[in-house]
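Student: The following block contains the structure, expressed as structure tokens.
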Amino acid sequence: MVRLSLSRSVSDNKIKEMTIKEIIFDSSLYQRFKNDVQIDKEGELMDYTLDYLIREFNERVEMYCTECDSRRIFATDKSVYSDTSRVSNIHFPQTQIKNKPSLFKSFRCSQNEHHSIHYGFLVDNTELVKISEYPSKYDSVKDTFNKFKKILDKSYITELSKAAQLESFGYAIAAFLYYRRIFEHLIIKTFKETEIPDKVTEDEFRKKRMEDKISYIKEYLPAYFNDNSHIYGILSKGIHELSEEECQKHLSIVKTIIFFSLEEALEIRNKELRKEEFSKKLNEINTDLK
């Protein structure tokens, strides 16, 4: 998979490497990319424009289909390019972008041809700008949130949603803040729900440094959570020190670690619930046999 040094902040010269797939599906709204790029093909540098590479992108991708309410495989459907002031057809709403070449790309659900996802870009001088996506990034990932109700309070499910919404608009620092709050909530929740010999009071626990809190309840936390507990320092640094562009660069891996940890915690909780259910049924059998 070819990675391109493409993404440039309007206020910064820092450049982020992304694949064409990441640019289409993962980039935030109004993120800018250099349109003229070079790709090394068998030792020879070839000149391309980014809008051409996006038009030619035809990989199948697995995404959440908001209408099927399930993850589906999506295939490239339409790539509509216009260098006029208006783009309009049955697949894209009428769009007015004066004097700016525009590119709209859609992908169709493998289970229902009437379900699709859409992305829009425009060429602004030498840059390509992502201007639209539908359904939104939040709608595309919210299916992953509700299953965490067994391990997260309702308010923190909402905060996961807010983090996704903020990410979709390019507010990476704000998304970091919500992910840090979720991290902190998991630590406190684990402490409160765990039977620990000679357990300190909640007030004493809250006064500990985060690394000491994690150490205190280490054996009760998911292994993946423990292995990557230094993520809290990254989240804090992102909120207090890093630029928006630096947070954007690190957001995908930070989010992945958070969700992996939530998945493991959910798996542990589901096992506990199954054990409780089987114990209850065994007791019922024992009662019936007496």
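Each chain of the structure tokens is named A, B, ... in the order shown, its residues numbered from 1; ligands are numbered from 1 in display order.
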Would you mind listing what lies within 9 Å of Leu160 in chain A as a list of chain:residue names, with only C-alpha atoms counted and same-chain residues fewer than 4 positions away left out?
Tutor: A:Lys142, A:Phe145, A:Ser155, A:Tyr156, A:Ala164, A:Gln165, A:Ala175, A:Tyr178, A:Tyr179, A:Ile182
Student: Quick one: pick out all strand (DSSP E) residues within range 98-244 of chain A from a backbone DSSP run and write them as a list in words.
Tutor: Ser102, Leu103, Phe104, Lys105, Ser106, Phe107, Arg108, Cys109, Ser116, Ile117, His118, Tyr119, Gly120, Phe121, Leu122, Val123, Asp124, Glu127, Leu128, Val129, Lys130, Ile131, Ser132, Glu133 and Tyr134 of chain A
Student: Choose the residue, out of A:Glu159, A:Glu113, A:Asp153, A:Glu246, that has the smallest atom-to-atom separation from Tyr138 in chain A; count only C-alpha atoms.
Tutor: A:Glu159
Student: Residues at most 9 Å from Asn58 in chain A, counting only C-alpha atoms, excluding those fewer than 4 positions away in the same chain, as an mmCIF file with N, CA and C atoms, in the first residue's frame?
Tutor:
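Here's the written file out.cif:
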```cif
data_model
loop_
_atom_site.group_PDB
_atom_site.id
_atom_site.type_symbol
_atom_site.label_atom_id
_atom_site.label_comp_id
_atom_site.auth_asym_id
_atom_site.auth_seq_id
_atom_site.Cartn_x
_atom_site.Cartn_y
_atom_site.Cartn_z
ATOM 1 N N ILE A 54 -7.846 9.497 -6.360
ATOM 2 C CA ILE A 54 -9.113 9.231 -5.664
ATOM 3 C C ILE A 54 -10.167 8.727 -6.651
ATOM 4 N N ALA A 75 -18.421 -1.366 -2.304
ATOM 5 C CA ALA A 75 -17.630 -1.310 -3.529
ATOM 6 C C ALA A 75 -17.792 0.062 -4.168
ATOM 7 N N THR A 76 -16.769 0.495 -4.903
ATOM 8 C CA THR A 76 -16.847 1.786 -5.581
ATOM 9 C C THR A 76 -18.048 1.823 -6.523
ATOM 10 N N ASP A 77 -18.786 2.900 -6.433
ATOM 11 C CA ASP A 77 -19.981 3.049 -7.260
ATOM 12 C C ASP A 77 -19.772 4.115 -8.333
#
```
Student: Between A:Arg269, A:Lys34, A:Lys237, A:Lys21, which is the closest to Leu128 in chain A once you count only C-alpha atoms?
Tutor: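 Checking each candidate against Leu128 in chain A, we get A:Lys34 as the closest.
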Student: Kindly give the distance, in Å, that separates CA of Ser132 in chain A and CA of Asn35 in chain A, rounded to a single decimal.
Tutor: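 Calculated distance between CA of Ser132 in chain A and CA of Asn35 in chain A is 17.3 Å.
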Student: Run DSSP on the backbone and give me the residues of range 29-134 of chain A it puts in alpha helix (DSSP H), as a list in words.
Tutor: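 Result set for range 29-134 of chain A (alpha helix (DSSP H)): Leu50, Asp51, Tyr52, Leu53, Ile54, Arg55 and Glu56 of chain A.
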Student: I need the residue nearest Asp36 in chain A from this list: A:Asn228, A:Glu127, A:Phe121, A:Leu289. Use only C-alpha atoms for the distance.
Tutor: A:Glu127
Student: Which polymer residues have any atom within 6 Å of an atom of His118 in chain A, counting only C-alpha atoms, with same-chain residues fewer than 5 positions away left out, as a VMD selection string?
Tutor: chain A and resid 105 to 106 133 to 134
Student: Have a look at A:Glu167, A:Glu245, A:Glu67, A:Glu62 and name the one nearest to Leu29 in chain A; count only C-alpha atoms.
Tutor: A:Glu167
Student: Could you check the closest approach to Ser243 in chain A for each of A:Tyr30, A:Tyr171, A:Arg108, A:Lys150 and tell me which residue wins, using only C-alpha atoms?
Tutor: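 Among the listed residues, the smallest separation from Ser243 in chain A belongs to A:Tyr171.
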Student: CA of Ala172 in chain A and CA of Tyr224 in chain A are how many Å apart?
Tutor: 23.4 Å
Student: Skipping near chain neighbours, those fewer than 4 positions away, what residues fall within 10 Å of Tyr232 in chain A using only C-alpha atoms, listed as a compact mmCIF listing (two decimals) with C-alpha atoms, in the first residue's frame?
Tutor:
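Output contents, as saved in part_39.txt:
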```txt
# COMPACT_ATOMS: atom_id res chain seq x y z
CA PHE A 176 -8.24 13.71 23.13
CA TYR A 179 -10.84 9.91 25.43
CA ARG A 180 -8.85 10.88 28.52
CA ARG A 181 -12.09 11.28 30.51
CA PHE A 183 -9.77 6.39 30.45
CA GLU A 184 -10.11 8.03 33.88
CA MET A 210 -2.55 8.08 37.62
CA GLU A 211 0.41 5.67 37.44
CA ASN A 228 -0.67 0.48 27.09
CA SER A 236 -2.56 14.58 28.71
CA LYS A 237 0.32 15.86 26.60
CA GLY A 238 -2.01 16.16 23.62
CA VAL A 254 -4.82 6.49 20.53
```
